[in-house]
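Colleague: Contents of upload.cif (mmCIF, N, CA and C atoms) are given next:
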data_upload
#
loop_
_atom_site.label_atom_id
_atom_site.label_comp_id
_atom_site.auth_asym_id
_atom_site.auth_seq_id
_atom_site.Cartn_x
_atom_site.Cartn_y
_atom_site.Cartn_z
N MET J 272 -37.77 -15.82 -199.07
CA MET J 272 -37.67 -16.40 -200.40
C MET J 272 -36.65 -17.55 -200.35
N ARG J 273 -36.97 -18.63 -201.00
CA ARG J 273 -36.07 -19.79 -201.06
C ARG J 273 -35.19 -19.68 -202.30
N TYR J 274 -33.89 -19.85 -202.11
CA TYR J 274 -32.94 -19.74 -203.21
C TYR J 274 -32.49 -21.12 -203.66
N GLU J 275 -32.18 -21.23 -204.94
CA GLU J 275 -31.76 -22.51 -205.50
C GLU J 275 -30.25 -22.53 -205.68
N ALA J 276 -29.60 -23.55 -205.12
CA ALA J 276 -28.15 -23.68 -205.26
C ALA J 276 -27.74 -25.13 -205.44
N GLY J 277 -28.67 -25.99 -205.71
CA GLY J 277 -28.35 -27.41 -205.73
C GLY J 277 -28.38 -28.04 -207.10
N TRP J 278 -28.89 -29.24 -207.12
CA TRP J 278 -28.87 -30.08 -208.31
C TRP J 278 -29.67 -29.48 -209.46
N ARG J 279 -30.70 -28.75 -209.17
CA ARG J 279 -31.50 -28.19 -210.26
C ARG J 279 -30.67 -27.20 -211.09
N ARG J 280 -29.85 -26.41 -210.42
CA ARG J 280 -28.98 -25.49 -211.17
C ARG J 280 -27.95 -26.26 -211.98
N PHE J 281 -27.40 -27.33 -211.39
CA PHE J 281 -26.42 -28.16 -212.10
C PHE J 281 -27.06 -28.77 -213.35
N PHE J 282 -28.24 -29.38 -213.20
CA PHE J 282 -28.90 -30.00 -214.34
C PHE J 282 -29.33 -28.97 -215.37
N ALA J 283 -29.70 -27.78 -214.92
CA ALA J 283 -30.09 -26.72 -215.85
C ALA J 283 -28.91 -26.35 -216.76
N ILE J 284 -27.72 -26.16 -216.18
CA ILE J 284 -26.57 -25.78 -217.01
C ILE J 284 -26.14 -26.96 -217.88
N LEU J 285 -26.34 -28.18 -217.40
CA LEU J 285 -26.04 -29.35 -218.21
C LEU J 285 -26.96 -29.40 -219.44
N ILE J 286 -28.24 -29.20 -219.24
CA ILE J 286 -29.21 -29.17 -220.35
C ILE J 286 -28.87 -28.04 -221.31
N ASP J 287 -28.57 -26.85 -220.77
CA ASP J 287 -28.22 -25.71 -221.63
C ASP J 287 -26.95 -26.00 -222.43
N SER J 288 -26.00 -26.68 -221.82
CA SER J 288 -24.76 -27.03 -222.53
C SER J 288 -25.04 -27.99 -223.68
N ILE J 289 -25.97 -28.91 -223.48
CA ILE J 289 -26.34 -29.84 -224.55
C ILE J 289 -27.02 -29.08 -225.69
N VAL J 290 -27.94 -28.18 -225.35
CA VAL J 290 -28.61 -27.37 -226.37
C VAL J 290 -27.58 -26.57 -227.16
N LEU J 291 -26.64 -25.93 -226.47
CA LEU J 291 -25.62 -25.12 -227.14
C LEU J 291 -24.66 -25.99 -227.95
N PHE J 292 -24.38 -27.21 -227.50
CA PHE J 292 -23.52 -28.09 -228.28
C PHE J 292 -24.20 -28.47 -229.59
N VAL J 293 -25.50 -28.73 -229.54
CA VAL J 293 -26.25 -29.07 -230.77
C VAL J 293 -26.17 -27.89 -231.75
N ILE J 294 -26.33 -26.67 -231.25
CA ILE J 294 -26.22 -25.48 -232.10
C ILE J 294 -24.82 -25.39 -232.69
N PHE J 295 -23.79 -25.60 -231.85
CA PHE J 295 -22.39 -25.59 -232.27
C PHE J 295 -22.17 -26.61 -233.40
N TRP J 296 -22.70 -27.81 -233.21
CA TRP J 296 -22.55 -28.88 -234.18
C TRP J 296 -23.25 -28.52 -235.49
N LEU J 297 -24.45 -27.92 -235.40
CA LEU J 297 -25.18 -27.50 -236.60
C LEU J 297 -24.43 -26.41 -237.36
N ILE J 298 -23.83 -25.48 -236.63
CA ILE J 298 -23.02 -24.45 -237.28
C ILE J 298 -21.85 -25.12 -238.01
N GLY J 299 -21.26 -26.12 -237.37
CA GLY J 299 -20.17 -26.86 -238.00
C GLY J 299 -20.62 -27.57 -239.27
N LEU J 300 -21.80 -28.15 -239.25
CA LEU J 300 -22.34 -28.82 -240.44
C LEU J 300 -22.57 -27.82 -241.58
N ILE J 301 -23.15 -26.68 -241.22
CA ILE J 301 -23.49 -25.66 -242.22
C ILE J 301 -22.23 -25.06 -242.84
N THR J 302 -21.20 -24.83 -242.02
CA THR J 302 -19.99 -24.14 -242.49
C THR J 302 -18.88 -25.09 -242.92
N GLY J 303 -19.11 -26.38 -242.82
CA GLY J 303 -18.07 -27.33 -243.22
C GLY J 303 -17.06 -27.62 -242.12
N GLY J 304 -17.35 -27.19 -240.90
CA GLY J 304 -16.43 -27.43 -239.79
C GLY J 304 -16.63 -28.77 -239.11
N ALA J 305 -17.66 -29.52 -239.54
CA ALA J 305 -17.93 -30.83 -238.96
C ALA J 305 -17.32 -31.89 -239.87
N LYS J 306 -16.44 -32.69 -239.29
CA LYS J 306 -15.78 -33.77 -240.03
C LYS J 306 -15.99 -35.05 -239.26
N GLY J 307 -16.86 -35.92 -239.74
CA GLY J 307 -17.13 -37.17 -239.03
C GLY J 307 -17.78 -36.88 -237.69
N SER J 308 -17.12 -37.31 -236.62
CA SER J 308 -17.69 -37.09 -235.29
C SER J 308 -17.06 -35.90 -234.57
N SER J 309 -16.23 -35.11 -235.28
CA SER J 309 -15.62 -33.94 -234.63
C SER J 309 -16.07 -32.65 -235.31
N VAL J 310 -16.00 -31.58 -234.54
CA VAL J 310 -16.38 -30.26 -235.04
C VAL J 310 -15.29 -29.28 -234.66
N SER J 311 -14.92 -28.44 -235.61
CA SER J 311 -13.93 -27.40 -235.34
C SER J 311 -14.39 -26.13 -236.04
N LEU J 312 -14.56 -25.08 -235.26
CA LEU J 312 -14.98 -23.80 -235.82
C LEU J 312 -13.84 -22.79 -235.67
N ASN J 313 -13.58 -22.05 -236.75
CA ASN J 313 -12.56 -21.01 -236.75
C ASN J 313 -13.14 -19.76 -237.38
N GLY J 314 -12.54 -18.62 -237.10
CA GLY J 314 -12.92 -17.37 -237.74
C GLY J 314 -14.37 -16.98 -237.50
N GLY J 315 -15.05 -16.64 -238.59
CA GLY J 315 -16.43 -16.19 -238.53
C GLY J 315 -17.39 -17.17 -237.86
N PRO J 316 -17.34 -18.45 -238.24
CA PRO J 316 -18.24 -19.41 -237.58
C PRO J 316 -18.01 -19.51 -236.06
N ALA J 317 -16.76 -19.41 -235.63
CA ALA J 317 -16.48 -19.45 -234.19
C ALA J 317 -17.05 -18.22 -233.50
N LEU J 318 -16.94 -17.06 -234.16
CA LEU J 318 -17.49 -15.82 -233.61
C LEU J 318 -19.02 -15.90 -233.54
N VAL J 319 -19.64 -16.43 -234.58
CA VAL J 319 -21.10 -16.59 -234.59
C VAL J 319 -21.51 -17.50 -233.43
N ASN J 320 -20.80 -18.59 -233.23
CA ASN J 320 -21.12 -19.51 -232.13
C ASN J 320 -21.00 -18.82 -230.78
N MET J 321 -19.95 -18.02 -230.59
CA MET J 321 -19.76 -17.32 -229.32
C MET J 321 -20.90 -16.32 -229.07
N VAL J 322 -21.32 -15.61 -230.11
CA VAL J 322 -22.43 -14.66 -229.97
C VAL J 322 -23.71 -15.40 -229.63
N ILE J 323 -23.95 -16.52 -230.29
CA ILE J 323 -25.15 -17.32 -230.00
C ILE J 323 -25.12 -17.81 -228.56
N ASP J 324 -23.95 -18.26 -228.07
CA ASP J 324 -23.85 -18.73 -226.68
C ASP J 324 -24.29 -17.65 -225.70
N PHE J 325 -23.77 -16.44 -225.86
CA PHE J 325 -24.14 -15.36 -224.95
C PHE J 325 -25.59 -14.94 -225.15
N ALA J 326 -26.03 -14.84 -226.41
CA ALA J 326 -27.40 -14.42 -226.70
C ALA J 326 -28.41 -15.41 -226.13
N TYR J 327 -28.09 -16.69 -226.18
CA TYR J 327 -28.98 -17.73 -225.66
C TYR J 327 -29.35 -17.43 -224.21
N PHE J 328 -28.34 -17.21 -223.36
CA PHE J 328 -28.59 -16.94 -221.95
C PHE J 328 -29.23 -15.57 -221.74
N ILE J 329 -28.69 -14.56 -222.39
CA ILE J 329 -29.17 -13.19 -222.18
C ILE J 329 -30.62 -13.04 -222.62
N VAL J 330 -30.94 -13.46 -223.83
CA VAL J 330 -32.29 -13.27 -224.37
C VAL J 330 -33.33 -14.11 -223.63
N LEU J 331 -33.05 -15.39 -223.43
CA LEU J 331 -34.04 -16.25 -222.77
C LEU J 331 -34.29 -15.80 -221.33
N GLU J 332 -33.22 -15.45 -220.60
CA GLU J 332 -33.43 -15.01 -219.22
C GLU J 332 -34.11 -13.65 -219.14
N ALA J 333 -33.79 -12.74 -220.06
CA ALA J 333 -34.45 -11.43 -220.05
C ALA J 333 -35.92 -11.54 -220.44
N GLN J 334 -36.23 -12.41 -221.39
CA GLN J 334 -37.61 -12.56 -221.86
C GLN J 334 -38.47 -13.43 -220.95
N PHE J 335 -37.90 -14.55 -220.49
CA PHE J 335 -38.69 -15.54 -219.75
C PHE J 335 -38.21 -15.79 -218.31
N GLY J 336 -37.06 -15.20 -217.97
CA GLY J 336 -36.50 -15.45 -216.64
C GLY J 336 -35.81 -16.80 -216.55
N ALA J 337 -35.74 -17.52 -217.66
CA ALA J 337 -35.18 -18.87 -217.62
C ALA J 337 -34.73 -19.32 -219.00
N THR J 338 -33.64 -20.09 -219.02
CA THR J 338 -33.20 -20.76 -220.23
C THR J 338 -33.98 -22.06 -220.36
N VAL J 339 -33.74 -22.80 -221.42
CA VAL J 339 -34.40 -24.09 -221.59
C VAL J 339 -34.10 -24.99 -220.39
N GLY J 340 -32.85 -25.04 -219.96
CA GLY J 340 -32.47 -25.86 -218.81
C GLY J 340 -33.19 -25.46 -217.54
N LYS J 341 -33.30 -24.16 -217.30
CA LYS J 341 -34.01 -23.68 -216.10
C LYS J 341 -35.51 -23.98 -216.20
N MET J 342 -36.06 -23.85 -217.39
CA MET J 342 -37.49 -24.16 -217.56
C MET J 342 -37.75 -25.64 -217.25
N VAL J 343 -36.89 -26.52 -217.77
CA VAL J 343 -37.06 -27.96 -217.56
C VAL J 343 -36.93 -28.32 -216.08
N THR J 344 -36.00 -27.66 -215.38
CA THR J 344 -35.75 -27.99 -213.97
C THR J 344 -36.61 -27.19 -212.99
N GLY J 345 -37.44 -26.27 -213.51
CA GLY J 345 -38.37 -25.55 -212.65
C GLY J 345 -37.77 -24.44 -211.83
N ILE J 346 -36.73 -23.77 -212.37
CA ILE J 346 -36.14 -22.63 -211.65
C ILE J 346 -36.18 -21.41 -212.55
N LYS J 347 -35.97 -20.25 -211.93
CA LYS J 347 -36.08 -18.99 -212.65
C LYS J 347 -35.16 -17.95 -212.03
N VAL J 348 -34.67 -17.02 -212.83
CA VAL J 348 -33.83 -15.91 -212.36
C VAL J 348 -34.72 -14.69 -212.16
N VAL J 349 -34.61 -14.07 -210.99
CA VAL J 349 -35.34 -12.83 -210.70
C VAL J 349 -34.37 -11.85 -210.04
N ASN J 350 -34.78 -10.61 -209.96
CA ASN J 350 -34.00 -9.64 -209.20
C ASN J 350 -34.06 -10.02 -207.73
N ALA J 351 -33.09 -9.57 -206.96
CA ALA J 351 -33.01 -9.94 -205.54
C ALA J 351 -34.27 -9.55 -204.75
N ASP J 352 -34.98 -8.53 -205.22
CA ASP J 352 -36.22 -8.13 -204.53
C ASP J 352 -37.43 -8.94 -205.00
N GLY J 353 -37.22 -9.91 -205.90
CA GLY J 353 -38.30 -10.76 -206.38
C GLY J 353 -38.95 -10.27 -207.66
N SER J 354 -38.55 -9.09 -208.13
CA SER J 354 -39.14 -8.55 -209.36
C SER J 354 -38.54 -9.22 -210.60
N ARG J 355 -39.18 -8.98 -211.71
CA ARG J 355 -38.77 -9.58 -212.99
C ARG J 355 -37.37 -9.13 -213.38
N LEU J 356 -36.58 -10.06 -213.92
CA LEU J 356 -35.23 -9.77 -214.40
C LEU J 356 -35.29 -8.77 -215.55
N THR J 357 -34.40 -7.78 -215.53
CA THR J 357 -34.33 -6.77 -216.59
C THR J 357 -33.30 -7.19 -217.63
N TRP J 358 -33.33 -6.53 -218.78
CA TRP J 358 -32.34 -6.80 -219.83
C TRP J 358 -30.94 -6.47 -219.31
N GLY J 359 -30.79 -5.34 -218.61
CA GLY J 359 -29.49 -4.97 -218.07
C GLY J 359 -28.97 -6.00 -217.08
N GLY J 360 -29.86 -6.48 -216.22
CA GLY J 360 -29.48 -7.51 -215.26
C GLY J 360 -29.07 -8.79 -215.95
N SER J 361 -29.78 -9.15 -217.00
CA SER J 361 -29.46 -10.36 -217.74
C SER J 361 -28.09 -10.24 -218.42
N VAL J 362 -27.82 -9.09 -219.02
CA VAL J 362 -26.53 -8.87 -219.68
C VAL J 362 -25.40 -8.95 -218.64
N ALA J 363 -25.54 -8.23 -217.53
CA ALA J 363 -24.49 -8.22 -216.50
C ALA J 363 -24.27 -9.62 -215.94
N ARG J 364 -25.35 -10.29 -215.61
CA ARG J 364 -25.27 -11.65 -215.03
C ARG J 364 -24.56 -12.61 -215.97
N ASN J 365 -24.88 -12.53 -217.24
CA ASN J 365 -24.35 -13.51 -218.18
C ASN J 365 -22.96 -13.18 -218.72
N LEU J 366 -22.59 -11.90 -218.76
CA LEU J 366 -21.21 -11.58 -219.13
C LEU J 366 -20.24 -12.09 -218.06
N MET J 367 -20.70 -12.14 -216.82
CA MET J 367 -19.86 -12.65 -215.72
C MET J 367 -19.65 -14.16 -215.80
N ARG J 368 -20.33 -14.84 -216.71
CA ARG J 368 -20.08 -16.28 -216.91
C ARG J 368 -18.62 -16.53 -217.26
N LEU J 369 -17.99 -15.54 -217.91
CA LEU J 369 -16.57 -15.67 -218.24
C LEU J 369 -15.72 -15.85 -216.99
N VAL J 370 -16.10 -15.18 -215.91
CA VAL J 370 -15.37 -15.29 -214.65
C VAL J 370 -15.89 -16.49 -213.85
N ASP J 371 -17.20 -16.63 -213.75
CA ASP J 371 -17.80 -17.75 -213.00
C ASP J 371 -17.37 -19.10 -213.55
N GLY J 372 -17.10 -19.16 -214.84
CA GLY J 372 -16.74 -20.42 -215.49
C GLY J 372 -15.32 -20.89 -215.20
N PHE J 373 -14.53 -20.08 -214.53
CA PHE J 373 -13.14 -20.43 -214.24
C PHE J 373 -13.05 -21.47 -213.14
N PRO J 374 -12.10 -22.38 -213.10
CA PRO J 374 -11.16 -22.69 -214.18
C PRO J 374 -11.88 -23.49 -215.26
N TYR J 375 -11.53 -23.26 -216.49
CA TYR J 375 -12.26 -23.86 -217.60
C TYR J 375 -12.07 -25.38 -217.69
N VAL J 376 -11.07 -25.90 -217.00
CA VAL J 376 -10.86 -27.34 -216.95
C VAL J 376 -11.96 -28.00 -216.12
N ILE J 377 -12.41 -27.31 -215.07
CA ILE J 377 -13.54 -27.75 -214.25
C ILE J 377 -14.57 -26.61 -214.32
N PRO J 378 -15.40 -26.61 -215.38
CA PRO J 378 -16.28 -25.46 -215.62
C PRO J 378 -17.15 -25.09 -214.41
N TYR J 379 -17.23 -23.78 -214.19
CA TYR J 379 -18.08 -23.18 -213.16
C TYR J 379 -17.66 -23.52 -211.73
N LEU J 380 -16.44 -23.96 -211.53
CA LEU J 380 -15.98 -24.26 -210.17
C LEU J 380 -15.97 -22.99 -209.31
N LEU J 381 -15.43 -21.91 -209.84
CA LEU J 381 -15.41 -20.65 -209.08
C LEU J 381 -16.83 -20.18 -208.78
N GLY J 382 -17.70 -20.19 -209.79
CA GLY J 382 -19.09 -19.79 -209.58
C GLY J 382 -19.78 -20.65 -208.54
N ALA J 383 -19.52 -21.96 -208.57
CA ALA J 383 -20.14 -22.87 -207.60
C ALA J 383 -19.65 -22.59 -206.18
N ILE J 384 -18.35 -22.38 -206.02
CA ILE J 384 -17.81 -22.10 -204.69
C ILE J 384 -18.40 -20.81 -204.13
N VAL J 385 -18.46 -19.77 -204.96
CA VAL J 385 -19.03 -18.50 -204.52
C VAL J 385 -20.51 -18.68 -204.18
N MET J 386 -21.24 -19.42 -205.01
CA MET J 386 -22.67 -19.64 -204.79
C MET J 386 -22.91 -20.41 -203.49
N TRP J 387 -22.16 -21.48 -203.27
CA TRP J 387 -22.35 -22.30 -202.07
C TRP J 387 -21.99 -21.54 -200.79
N SER J 388 -21.11 -20.55 -200.89
CA SER J 388 -20.71 -19.80 -199.70
C SER J 388 -21.56 -18.53 -199.50
N SER J 389 -22.50 -18.29 -200.38
CA SER J 389 -23.34 -17.09 -200.31
C SER J 389 -24.67 -17.41 -199.63
N ALA J 390 -25.09 -16.54 -198.74
CA ALA J 390 -26.37 -16.74 -198.04
C ALA J 390 -27.54 -16.76 -199.02
N ASP J 391 -27.45 -15.96 -200.10
CA ASP J 391 -28.52 -15.90 -201.10
C ASP J 391 -28.26 -16.82 -202.28
N LYS J 392 -27.23 -17.68 -202.17
CA LYS J 392 -26.88 -18.65 -203.21
C LYS J 392 -26.61 -17.98 -204.56
N GLN J 393 -25.86 -16.87 -204.51
CA GLN J 393 -25.54 -16.11 -205.71
C GLN J 393 -24.13 -16.43 -206.19
N ARG J 394 -23.99 -16.68 -207.50
CA ARG J 394 -22.64 -16.76 -208.08
C ARG J 394 -22.21 -15.32 -208.35
N LEU J 395 -20.99 -15.11 -208.83
CA LEU J 395 -20.51 -13.74 -209.04
C LEU J 395 -21.43 -12.95 -209.97
N GLY J 396 -21.89 -13.60 -211.04
CA GLY J 396 -22.79 -12.92 -211.98
C GLY J 396 -24.07 -12.44 -211.30
N ASP J 397 -24.59 -13.25 -210.38
CA ASP J 397 -25.79 -12.84 -209.64
C ASP J 397 -25.48 -11.66 -208.73
N LYS J 398 -24.33 -11.68 -208.08
CA LYS J 398 -23.97 -10.59 -207.18
C LYS J 398 -23.84 -9.28 -207.95
N VAL J 399 -23.16 -9.32 -209.10
CA VAL J 399 -22.97 -8.12 -209.92
C VAL J 399 -24.32 -7.59 -210.42
N ALA J 400 -25.21 -8.49 -210.85
CA ALA J 400 -26.49 -8.09 -211.42
C ALA J 400 -27.59 -7.88 -210.38
N GLY J 401 -27.34 -8.30 -209.14
CA GLY J 401 -28.38 -8.20 -208.11
C GLY J 401 -29.52 -9.16 -208.36
N THR J 402 -29.18 -10.40 -208.78
CA THR J 402 -30.20 -11.40 -209.09
C THR J 402 -30.05 -12.63 -208.20
N VAL J 403 -31.10 -13.43 -208.18
CA VAL J 403 -31.09 -14.71 -207.47
C VAL J 403 -31.82 -15.74 -208.34
N VAL J 404 -31.53 -17.01 -208.09
CA VAL J 404 -32.23 -18.09 -208.77
C VAL J 404 -33.14 -18.75 -207.75
N VAL J 405 -34.41 -18.86 -208.11
CA VAL J 405 -35.42 -19.39 -207.19
C VAL J 405 -36.24 -20.47 -207.89
N PRO J 406 -36.86 -21.35 -207.10
CA PRO J 406 -37.81 -22.28 -207.71
C PRO J 406 -38.95 -21.48 -208.34
N ARG J 407 -39.45 -21.92 -209.46
CA ARG J 407 -40.51 -21.19 -210.17
C ARG J 407 -41.70 -20.89 -209.26
N GLN J 408 -42.07 -21.81 -208.36
CA GLN J 408 -43.19 -21.60 -207.45
C GLN J 408 -42.89 -20.47 -206.46
N ALA J 409 -41.65 -20.38 -205.99
CA ALA J 409 -41.28 -19.32 -205.05
C ALA J 409 -41.39 -17.97 -205.72
N GLU J 410 -40.97 -17.89 -206.97
CA GLU J 410 -41.06 -16.63 -207.72
C GLU J 410 -42.52 -16.23 -207.88
N ALA J 411 -43.40 -17.17 -208.19
CA ALA J 411 -44.82 -16.87 -208.35
C ALA J 411 -45.42 -16.38 -207.03
N ALA J 412 -44.99 -16.98 -205.93
CA ALA J 412 -45.51 -16.59 -204.61
C ALA J 412 -45.09 -15.16 -204.26
N VAL J 413 -43.87 -14.76 -204.61
CA VAL J 413 -43.40 -13.42 -204.34
C VAL J 413 -44.25 -12.42 -205.09
N PHE J 414 -44.53 -12.67 -206.37
CA PHE J 414 -45.33 -11.74 -207.15
C PHE J 414 -46.77 -11.68 -206.67
N SER J 415 -47.31 -12.77 -206.23
CA SER J 415 -48.71 -12.75 -205.79
C SER J 415 -48.88 -12.00 -204.47
N THR J 416 -47.84 -11.97 -203.64
CA THR J 416 -47.94 -11.25 -202.37
C THR J 416 -47.59 -9.77 -202.51
N THR J 417 -46.88 -9.40 -203.62
CA THR J 417 -46.49 -8.00 -203.78
C THR J 417 -47.43 -7.26 -204.73
N SER J 418 -48.30 -7.96 -205.40
CA SER J 418 -49.20 -7.29 -206.37
C SER J 418 -50.40 -6.70 -205.68
#
Could I get this structure in the form of structure tokens?
Modeller:
Amino acid sequence: MRYEAGWRRFFAILIDSIVLFVIFWLIGLITGGAKGSSVSLNGGPALVNMVIDFAYFIVLEAQFGATVGKMVTGIKVVNADGSRLTWGGSVARNLMRLVDGFPYVIPYLLGAIVMWSSADKQRLGDKVAGTVVVPRQAEAAVFSTTS
């Protein structure tokens, strides 16, 4: 199985960050946290935004194996054996984003270093959940040979 650890993963998280920023900005508009070109969320709206951020990754990956960014870049998350990602795997993988994202000044630096040094191109969240990121075609090939 071919694992993805390059530019497609980078562009996928970039696209996902843009999608989540738009949601953040809309929450700011709705709650009055948007002032001109800046947005500031506190209290309940900030909590809602944080829940949406985690739910975005967890739900889309559990349901489709991919977020919007992964769909656009043609990659997908599967279990290490090539089977479909489970809800538990998605939750574990995505809660570890808190660790993979360190240091927050250079987002995902720790996750990238771990991924680049892993034979299966797994960041910490992937290792904990037993998942890998593969090109969509590779995932389809695994299922067609195991069915």
Colleague: Any idea what's packed within 6 Å of Ala337 of chain J, counting all atoms listed in the file, ignoring anything in its chain fewer than 3 positions away? Could you give it as a list in words?
Modeller: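 Result of the neighbour search: Leu331, Glu332, Ala333, Gln334, Lys341, Met342, Ile346, Lys347 and Val348 of chain J.
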Colleague: Write out as an mmCIF file with N, CA and C atoms, in the frame of the given file all residues of chain J that DSSP puts in strand (DSSP E or B) for this structure's backbone.
Modeller:
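Produced file out-v3.cif, reproduced below:
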data_model
loop_
_atom_site.group_PDB
_atom_site.id
_atom_site.type_symbol
_atom_site.label_atom_id
_atom_site.label_comp_id
_atom_site.auth_asym_id
_atom_site.auth_seq_id
_atom_site.Cartn_x
_atom_site.Cartn_y
_atom_site.Cartn_z
ATOM 1 N N ALA J 305 -17.660 -29.520 -239.540
ATOM 2 C CA ALA J 305 -17.930 -30.830 -238.960
ATOM 3 C C ALA J 305 -17.320 -31.890 -239.870
ATOM 4 N N LYS J 306 -16.440 -32.690 -239.290
ATOM 5 C CA LYS J 306 -15.780 -33.770 -240.030
ATOM 6 C C LYS J 306 -15.990 -35.050 -239.260
ATOM 7 N N SER J 309 -16.230 -35.110 -235.280
ATOM 8 C CA SER J 309 -15.620 -33.940 -234.630
ATOM 9 C C SER J 309 -16.070 -32.650 -235.310
ATOM 10 N N VAL J 310 -16.000 -31.580 -234.540
ATOM 11 C CA VAL J 310 -16.380 -30.260 -235.040
ATOM 12 C C VAL J 310 -15.290 -29.280 -234.660
ATOM 13 N N ILE J 346 -36.730 -23.770 -212.370
ATOM 14 C CA ILE J 346 -36.140 -22.630 -211.650
ATOM 15 C C ILE J 346 -36.180 -21.410 -212.550
ATOM 16 N N LYS J 347 -35.970 -20.250 -211.930
ATOM 17 C CA LYS J 347 -36.080 -18.990 -212.650
ATOM 18 C C LYS J 347 -35.160 -17.950 -212.030
ATOM 19 N N VAL J 348 -34.670 -17.020 -212.830
ATOM 20 C CA VAL J 348 -33.830 -15.910 -212.360
ATOM 21 C C VAL J 348 -34.720 -14.690 -212.160
ATOM 22 N N VAL J 349 -34.610 -14.070 -210.990
ATOM 23 C CA VAL J 349 -35.340 -12.830 -210.700
ATOM 24 C C VAL J 349 -34.370 -11.850 -210.040
ATOM 25 N N ASN J 350 -34.780 -10.610 -209.960
ATOM 26 C CA ASN J 350 -34.000 -9.640 -209.200
ATOM 27 C C ASN J 350 -34.060 -10.020 -207.730
ATOM 28 N N ARG J 355 -39.180 -8.980 -211.710
ATOM 29 C CA ARG J 355 -38.770 -9.580 -212.990
ATOM 30 C C ARG J 355 -37.370 -9.130 -213.380
ATOM 31 N N THR J 402 -29.180 -10.400 -208.780
ATOM 32 C CA THR J 402 -30.200 -11.400 -209.090
ATOM 33 C C THR J 402 -30.050 -12.630 -208.200
ATOM 34 N N VAL J 403 -31.100 -13.430 -208.180
ATOM 35 C CA VAL J 403 -31.090 -14.710 -207.470
ATOM 36 C C VAL J 403 -31.820 -15.740 -208.340
ATOM 37 N N VAL J 404 -31.530 -17.010 -208.090
ATOM 38 C CA VAL J 404 -32.230 -18.090 -208.770
ATOM 39 C C VAL J 404 -33.140 -18.750 -207.750
ATOM 40 N N VAL J 405 -34.410 -18.860 -208.110
ATOM 41 C CA VAL J 405 -35.420 -19.390 -207.190
ATOM 42 C C VAL J 405 -36.240 -20.470 -207.890
ATOM 43 N N PRO J 406 -36.860 -21.350 -207.100
ATOM 44 C CA PRO J 406 -37.810 -22.280 -207.710
ATOM 45 C C PRO J 406 -38.950 -21.480 -208.340
#
Colleague: Quick one: pull the distance between atom CA of Ser361 of chain J and atom CA of Ile329 of chain J, Å, one decimal.
Modeller: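 Computing it gives 5.3 Å between the two atoms.
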Colleague: J:Leu395, J:Leu356, J:Gly307, J:Leu366: which is nearest Gly336 of chain J, counting only N, CA and C atoms?
Modeller: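 Going through J:Leu395, J:Leu356, J:Gly307, J:Leu366 one by one, the smallest distance to Gly336 of chain J is for J:Leu356.
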Colleague: For the helix (DSSP H, G or I) assignment from backbone DSSP, which residues of segment 320-407 of chain J qualify? Please present them as a PyMOL selection string.
Modeller: chain J and resi 320-335+339-344+358-366+368-371+380-387+395-400+407
Colleague: Using atom N of Ala326 of chain J and atom CA of Ala390 of chain J as the two end points, give the distance in Å to one decimal.
Modeller: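 Between atom N of Ala326 of chain J and atom CA of Ala390 of chain J the gap works out to 28.4 Å.
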Colleague: Using all atoms listed in the file, find all polymer residues with an atom at most 7 Å away from the point (-25.1, -15.4, -219.3); report them as a JSON list (two decimals) with N, CA and C atoms, in the coordinates of the input.
Modeller:
[["chain", "number", "residue", "atom", "x", "y", "z"],
["J", 324, "ASP", "N", -23.95, -18.26, -228.07],
["J", 324, "ASP", "CA", -23.85, -18.73, -226.68],
["J", 324, "ASP", "C", -24.29, -17.65, -225.70],
["J", 325, "PHE", "N", -23.77, -16.44, -225.86],
["J", 325, "PHE", "CA", -24.14, -15.36, -224.95],
["J", 325, "PHE", "C", -25.59, -14.94, -225.15],
["J", 327, "TYR", "N", -28.09, -16.69, -226.18],
["J", 327, "TYR", "CA", -28.98, -17.73, -225.66],
["J", 327, "TYR", "C", -29.35, -17.43, -224.21],
["J", 328, "PHE", "N", -28.34, -17.21, -223.36],
["J", 328, "PHE", "CA", -28.59, -16.94, -221.95],
["J", 328, "PHE", "C", -29.23, -15.57, -221.74],
["J", 329, "ILE", "N", -28.69, -14.56, -222.39],
["J", 329, "ILE", "CA", -29.17, -13.19, -222.18],
["J", 329, "ILE", "C", -30.62, -13.04, -222.62],
["J", 361, "SER", "N", -29.78, -9.15, -217.00],
["J", 361, "SER", "CA", -29.46, -10.36, -217.74],
["J", 361, "SER", "C", -28.09, -10.24, -218.42],
["J", 362, "VAL", "N", -27.82, -9.09, -219.02],
["J", 362, "VAL", "CA", -26.53, -8.87, -219.68],
["J", 362, "VAL", "C", -25.40, -8.95, -218.64],
["J", 363, "ALA", "N", -25.54, -8.23, -217.53],
["J", 363, "ALA", "CA", -24.49, -8.22, -216.50],
["J", 363, "ALA", "C", -24.27, -9.62, -215.94],
["J", 364, "ARG", "N", -25.35, -10.29, -215.61],
["J", 364, "ARG", "CA", -25.27, -11.65, -215.03],
["J", 364, "ARG", "C", -24.56, -12.61, -215.97],
["J", 365, "ASN", "N", -24.88, -12.53, -217.24],
["J", 365, "ASN", "CA", -24.35, -13.51, -218.18],
["J", 365, "ASN", "C", -22.96, -13.18, -218.72],
["J", 366, "LEU", "N", -22.59, -11.90, -218.76],
["J", 366, "LEU", "CA", -21.21, -11.58, -219.13],
["J", 366, "LEU", "C", -20.24, -12.09, -218.06],
["J", 367, "MET", "N", -20.70, -12.14, -216.82],
["J", 367, "MET", "CA", -19.86, -12.65, -215.72],
["J", 367, "MET", "C", -19.65, -14.16, -215.80],
["J", 368, "ARG", "N", -20.33, -14.84, -216.71],
["J", 368, "ARG", "CA", -20.08, -16.28, -216.91],
["J", 368, "ARG", "C", -18.62, -16.53, -217.26]]
Colleague: Determine the residue set returned by the PyMOL selection byres ((chain J and resi 391) around 8) for the present structure, and present it as an MDAnalysis selection string.
Modeller: chainID J and resid 273:276 386:390 392:394 402:404
Colleague: Separation of atom CA of Phe373 of chain J and atom CA of Val385 of chain J, in Å?
Modeller: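 Atom-to-atom, atom CA of Phe373 of chain J to atom CA of Val385 of chain J, that is 11.5 Å.
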